[in-house]
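Asker: The structure that follows is given in the form of structure tokens.
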Amino acid sequence: MFISNAFAQDVGEAVAGQPSMADAFWTNMGLIGLMFILFYLLLIRPQQKRMQKQREMLDDLKKGDKVVTGGGLYGTVSKVVSDTEVEIDLGMTKVVAMRYTIQNRIDDGKDIPLPKAAEAAAKNTKSAKKAAPAKKTTAVKKAPAKSAGTKNTKKKKTA
């Protein structure tokens, strides 16, 4: 009464509606291949281009180039010691650094990325200089300092 009648299906009808195992396998392999292509185009290829550009920059280093090291030191290449080392002049100090630790070559300050706050401040300063006319500054006179002899020398009354 609560159980419905089960009708047997023909074996040919049941199998014909489902894909074969080979079709399912090739569909999954196609999806995996598509994922690999996407990873290559979005992640691997751009990273390889950046590495190639970095390698070319390091190979082209010469005396007098301004550089930034991985530690954030700004300096000038004073001597190329070997294929793996360069001597960097930091102002009053010269250091020998591994060539691969150099992050960037500076071309007249154009390639230095500024922090966003410093960049905004620089833009504000430039626009303020253009907008505001030069103000005439006047010297403010300070009150003369009190000399040691003019101190208030009242004595406290003791009871």
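Quick note on naming: the chains in the structure tokens go A, B, ... in the order shown, residues restart at 1 in each chain, and ligands are numbered from 1 in order of appearance.
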Find the spatial neighbours of region 90-101 of chain A, counting only C-alpha atoms, within a cut-off of 6 Å - ignore same-chain residues fewer than 6 positions away - and output them as number ranges by chain.

Answerer: A: 69-70, 75, 84

Asker: Quick one: DSSP helix (DSSP H, G or I) residues in region 12-122 of chain A, as a ChimeraX atom specification?

Answerer: /A:12-16,21-59,99-101,116-122

Asker: Identify which of the residues A:Leu73, A:Ile102, A:Leu38, A:Ala22 lies closest to Gln54 (chain A), counting only C-alpha atoms when measuring atom-to-atom distances.

Answerer: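 Comparing A:Leu73, A:Ile102, A:Leu38, A:Ala22 against Gln54 (chain A), the winner is A:Ile102.
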
Asker: Which polymer residues have any atom within 10 Å of an atom of region 58-61 of chain A, counting only C-alpha atoms, with same-chain residues fewer than 3 positions away left out, as a ChimeraX atom specification?

Answerer: /A:52-55,64-67,77,79-80,83-84,86,99-105
